[in-house]
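Visitor: Below you will find the structure I want to go over with you.
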Amino acid sequence: DAGVIQSPRHEVTEMGQEVTLRCKPISGHDYLFWYRQTMMRGLELLIYFNNNVPIDDSGMPEDRFSAKMPNASFSTLKIQPSEPRDSAVYFCASKLGRLNTEAFFGQGTRLTVV
Amino acid sequence: DQQVKQNSPSLSVQEGRISILNCDYTNSMFDYFLWYKKYPAEGPTFLISISSIKDKNEDGRFTVFLNKSAKHLSLHIVPSQPGDSAVYFCAASAIGTASKLTFGTGTRLQVTL
(Lines give C-alpha, C1' and ligand atoms only; values in the text may rest on other atoms or scores of the structure.)
Protein backbone atom coordinates (compact mmCIF):
# COMPACT_ATOMS: atom_id res chain seq x y z
CA ASP A 1 0.00 0.00 0.00
CA ALA A 2 1.27 3.50 -0.80
CA GLY A 3 0.27 4.82 2.57
CA VAL A 4 -1.87 7.87 3.22
CA ILE A 5 -1.74 10.20 0.24
CA GLN A 6 -2.34 13.92 0.53
CA SER A 7 -2.55 16.55 -2.16
CA PRO A 8 -1.35 19.10 -2.85
CA ARG A 9 1.96 19.01 -0.95
CA HIS A 10 2.16 22.79 -1.00
CA GLU A 11 -0.53 25.38 -1.49
CA VAL A 12 -0.09 29.14 -1.63
CA THR A 13 -3.25 31.16 -1.85
CA GLU A 14 -4.46 34.69 -1.34
CA MET A 15 -6.53 35.67 1.64
CA GLY A 16 -10.21 35.22 0.95
CA GLN A 17 -9.78 32.38 -1.50
CA GLU A 18 -11.20 28.91 -1.04
CA VAL A 19 -8.71 26.13 -0.32
CA THR A 20 -9.38 22.40 -0.63
CA LEU A 21 -7.02 19.81 0.79
CA ARG A 22 -7.37 16.18 -0.24
CA CYS A 23 -6.64 12.87 1.39
CA LYS A 24 -6.69 9.22 0.38
CA PRO A 25 -6.46 6.94 3.43
CA ILE A 26 -4.88 3.51 3.53
CA SER A 27 -7.20 0.98 1.98
CA GLY A 28 -9.24 -0.85 4.60
CA HIS A 29 -8.72 1.71 7.35
CA ASP A 30 -11.99 2.77 8.92
CA TYR A 31 -10.83 5.88 10.78
CA LEU A 32 -9.62 9.10 9.17
CA PHE A 33 -8.24 12.14 10.97
CA TRP A 34 -7.37 15.68 9.98
CA TYR A 35 -4.67 17.39 12.05
CA ARG A 36 -3.09 20.82 11.85
CA GLN A 37 0.48 21.43 12.97
CA THR A 38 1.54 24.80 14.37
CA MET A 39 4.52 25.79 16.48
CA MET A 40 2.35 26.96 19.35
CA ARG A 41 -0.10 24.08 19.56
CA GLY A 42 1.74 21.15 18.02
CA LEU A 43 -0.55 18.68 16.29
CA GLU A 44 -4.18 19.67 16.80
CA LEU A 45 -6.96 17.28 15.90
CA LEU A 46 -9.49 19.09 13.74
CA ILE A 47 -11.99 16.33 12.94
CA TYR A 48 -12.19 12.59 12.59
CA PHE A 49 -14.40 10.14 10.75
CA ASN A 50 -15.36 6.54 11.37
CA ASN A 51 -16.70 4.63 8.37
CA ASN A 52 -17.07 7.94 6.51
CA VAL A 53 -19.20 9.49 9.27
CA PRO A 54 -17.88 12.52 11.17
CA ILE A 55 -17.53 11.58 14.83
CA ASP A 56 -15.92 14.57 16.47
CA ASP A 57 -15.47 17.98 14.85
CA SER A 58 -14.89 19.90 18.06
CA GLY A 59 -11.40 20.83 16.92
CA MET A 60 -12.55 22.62 13.80
CA PRO A 61 -11.58 26.20 14.56
CA GLU A 62 -14.37 28.09 12.81
CA ASP A 63 -17.25 27.76 10.43
CA ARG A 64 -14.84 28.61 7.66
CA PHE A 65 -13.52 25.05 8.00
CA SER A 66 -15.46 22.06 6.71
CA ALA A 67 -14.58 18.43 6.02
CA LYS A 68 -16.25 15.68 4.08
CA MET A 69 -15.70 12.01 3.46
CA PRO A 70 -17.94 10.98 0.57
CA ASN A 71 -16.50 7.44 0.46
CA ALA A 72 -13.99 5.21 2.18
CA SER A 73 -11.12 6.25 -0.04
CA PHE A 74 -11.39 10.03 -0.12
CA SER A 75 -11.72 12.99 2.19
CA THR A 76 -11.47 16.75 1.79
CA LEU A 77 -10.80 19.62 4.16
CA LYS A 78 -12.03 22.95 2.88
CA ILE A 79 -11.31 26.43 4.15
CA GLN A 80 -13.49 29.23 2.87
CA PRO A 81 -12.58 32.02 3.02
CA SER A 82 -8.95 31.44 3.91
CA GLU A 83 -7.05 33.79 6.23
CA PRO A 84 -3.31 34.25 6.89
CA ARG A 85 -3.66 32.66 10.33
CA ASP A 86 -4.72 29.42 8.63
CA SER A 87 -1.16 29.03 7.38
CA ALA A 88 0.10 25.72 8.77
CA VAL A 89 0.86 22.14 7.80
CA TYR A 90 -2.27 20.01 7.57
CA PHE A 91 -1.98 16.27 8.03
CA CYS A 92 -4.36 13.50 7.24
CA ALA A 93 -4.03 10.18 9.07
CA SER A 94 -5.86 6.88 8.96
CA LYS A 95 -6.22 3.97 11.35
CA LEU A 96 -7.67 0.51 11.48
CA GLY A 97 -10.07 -0.29 14.23
CA ARG A 98 -11.14 1.33 17.43
CA LEU A 99 -8.66 -0.36 19.74
CA ASN A 100 -5.25 0.89 20.78
CA THR A 101 -3.35 0.96 17.52
CA GLU A 102 -1.33 3.62 15.83
CA ALA A 103 -2.49 6.04 13.18
CA PHE A 104 -0.57 6.40 9.91
CA PHE A 105 0.06 9.89 8.63
CA GLY A 106 0.34 11.36 5.18
CA GLN A 107 3.16 13.70 4.24
CA GLY A 108 1.06 16.75 4.87
CA THR A 109 0.01 19.84 2.95
CA ARG A 110 1.85 23.03 3.72
CA LEU A 111 -0.65 25.86 3.36
CA THR A 112 0.43 29.46 3.05
CA VAL A 113 -2.22 32.16 2.93
CA VAL A 114 -0.87 35.56 1.91
CA ASP B 1 -5.98 23.77 27.25
CA GLN B 2 -2.98 21.60 26.44
CA GLN B 3 -3.71 18.16 27.88
CA VAL B 4 -0.43 16.71 26.68
CA LYS B 5 2.63 18.82 27.35
CA GLN B 6 6.18 18.60 26.16
CA ASN B 7 7.91 21.37 28.02
CA SER B 8 11.27 21.09 26.29
CA PRO B 9 11.06 22.44 22.75
CA SER B 10 14.55 21.19 21.95
CA LEU B 11 17.25 18.85 23.17
CA SER B 12 20.83 18.34 22.03
CA VAL B 13 22.67 15.10 22.79
CA GLN B 14 26.00 13.69 21.73
CA GLU B 15 26.08 10.58 19.59
CA GLY B 16 26.30 7.45 21.73
CA ARG B 17 24.77 9.09 24.80
CA ILE B 18 21.26 8.67 26.14
CA SER B 19 18.44 10.94 24.96
CA ILE B 20 15.55 11.43 27.37
CA LEU B 21 12.42 13.12 26.10
CA ASN B 22 9.69 13.97 28.57
CA CYS B 23 5.95 14.32 28.38
CA ASP B 24 3.33 15.27 30.96
CA TYR B 25 -0.42 14.91 30.74
CA THR B 26 -3.33 16.25 32.70
CA ASN B 27 -6.25 14.03 31.69
CA SER B 28 -6.54 11.09 34.11
CA MET B 29 -8.70 9.27 31.54
CA PHE B 30 -5.74 8.78 29.20
CA ASP B 31 -4.83 5.10 29.13
CA TYR B 32 -2.74 4.64 26.01
CA PHE B 33 0.34 6.60 25.06
CA LEU B 34 2.39 6.80 21.90
CA TRP B 35 5.53 8.43 20.62
CA TYR B 36 5.83 9.61 17.05
CA LYS B 37 8.92 10.75 15.22
CA LYS B 38 8.83 13.40 12.50
CA TYR B 39 11.47 14.33 9.96
CA PRO B 40 11.22 17.64 8.03
CA ALA B 41 8.75 17.60 5.14
CA GLU B 42 7.41 14.20 6.19
CA GLY B 43 4.44 13.06 8.22
CA PRO B 44 4.87 11.74 11.76
CA THR B 45 5.67 8.04 11.99
CA PHE B 46 4.82 5.78 14.89
CA LEU B 47 7.73 4.84 17.11
CA ILE B 48 6.58 3.09 20.28
CA SER B 49 3.55 2.90 22.56
CA ILE B 50 2.58 1.90 26.07
CA SER B 51 -0.65 0.95 27.75
CA SER B 52 -1.50 2.25 31.20
CA ILE B 53 -1.37 -1.28 32.60
CA LYS B 54 2.39 -1.25 32.08
CA ASP B 55 5.11 1.05 33.32
CA LYS B 56 7.73 0.20 30.72
CA ASN B 57 7.90 -0.88 27.12
CA GLU B 58 11.07 -1.52 25.20
CA ASP B 59 11.82 -1.82 21.50
CA GLY B 60 15.46 -1.99 20.58
CA ARG B 61 17.15 1.29 21.43
CA PHE B 62 13.83 2.87 22.43
CA THR B 63 12.20 2.52 25.84
CA VAL B 64 9.11 4.31 27.08
CA PHE B 65 8.47 4.69 30.80
CA LEU B 66 5.10 5.58 32.28
CA ASN B 67 4.54 7.01 35.77
CA LYS B 68 0.77 7.15 36.17
CA SER B 69 0.80 8.75 39.60
CA ALA B 70 2.89 11.62 38.28
CA LYS B 71 1.07 11.67 34.93
CA HIS B 72 4.43 11.57 33.25
CA LEU B 73 6.04 9.54 30.53
CA SER B 74 9.46 9.57 29.01
CA LEU B 75 11.19 8.19 25.95
CA HIS B 76 14.75 6.96 26.30
CA ILE B 77 16.95 6.45 23.28
CA VAL B 78 20.16 4.53 23.95
CA PRO B 79 22.55 4.92 22.28
CA SER B 80 21.55 8.03 20.37
CA GLN B 81 22.47 8.16 16.70
CA PRO B 82 22.58 11.08 14.24
CA GLY B 83 19.63 9.55 12.36
CA ASP B 84 17.55 10.02 15.50
CA SER B 85 17.60 13.78 14.95
CA ALA B 86 13.96 14.67 14.44
CA VAL B 87 10.94 16.12 16.20
CA TYR B 88 9.35 13.72 18.69
CA PHE B 89 5.68 13.98 19.55
CA CYS B 90 4.03 12.43 22.56
CA ALA B 91 0.38 11.43 22.10
CA ALA B 92 -2.36 9.97 24.28
CA SER B 93 -5.83 8.52 23.96
CA ALA B 94 -8.53 8.18 26.57
CA ILE B 95 -10.68 5.29 27.74
CA GLY B 96 -13.67 5.02 25.44
CA THR B 97 -12.11 7.22 22.76
CA ALA B 98 -9.28 4.97 21.73
CA SER B 99 -9.21 6.41 18.27
CA LYS B 100 -8.76 10.03 19.22
CA LEU B 101 -5.11 10.93 19.75
CA THR B 102 -4.16 14.11 21.58
CA PHE B 103 -0.64 15.29 20.76
CA GLY B 104 1.90 17.43 22.52
CA THR B 105 3.79 20.28 20.90
CA GLY B 106 6.87 18.20 20.15
CA THR B 107 10.55 18.20 21.14
CA ARG B 108 13.24 18.69 18.54
CA LEU B 109 16.13 16.29 19.19
CA GLN B 110 19.52 17.02 17.71
CA VAL B 111 22.12 14.29 17.98
CA THR B 112 25.58 15.70 17.43
CA LEU B 113 28.71 13.90 16.36
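Ligands are numbered from 1 in the order shown, residues from 1 within each chain, and chains are lettered A, B, ... in the order they appear in the C-alpha coordinates.
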Please return, as a ChimeraX atom specification, all residues of chain A lying within 8 Å of chain B when only C-alpha atoms are considered.
Guide: /A:31,39-45,48,91,95,97-100,102-108
Visitor: Applying 10 Å and only C-alpha atoms, which residues near region 76-80 of chain A remain after dropping the ones on its own chain fewer than 2 positions away? List them as a PyMOL selection string.
Guide: chain A and resi 6-7+15-24+34+46-47+62-70+74+82-83+86+90+92
Visitor: With a distance cut-off of 7 Å and only C-alpha atoms, select the neighbouring residues of Pro82 (chain B), excluding the residue or stretch itself and same-chain residues fewer than 6 positions from it, and output the selection as a list in words.
Guide: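 Near neighbours after the sequence-gap exclusion: Glu15, Val111 and Thr112 of chain B.
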Visitor: Can you work out the spacing between CA of Val12 (chain A) and CA of Gln37 (chain A) in Å, to one decimal?
Guide: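 Between CA of Val12 (chain A) and CA of Gln37 (chain A) the gap works out to 16.5 Å.
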Visitor: Can you work out the spacing between CA of Arg85 (chain A) and CA of Glu11 (chain A) in Å, to one decimal?
Guide: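 CA of Glu11 (chain A) lies 14.2 Å from CA of Arg85 (chain A).
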Visitor: Compile the contact shell of region 17-26 of chain B as a ChimeraX atom specification: residues with an atom at most 6 Å away, counting only C-alpha atoms, same-chain residues fewer than 2 positions apart removed.
Guide: /B:3-6,14-15,71-80
Visitor: Could you tell me how far CA of Asn52 (chain A) lies from CA of Asn71 (chain A), in Å and to one decimal?
Guide: 6.1 Å
Visitor: So which residues of chain B fall under strand (DSSP E) by DSSP, listed as a PyMOL selection string?
Guide: chain B and resi 4-5+10-14+19-25+30-38+45-51+56-59+62-67+72-77+86-94+97-103+107-112
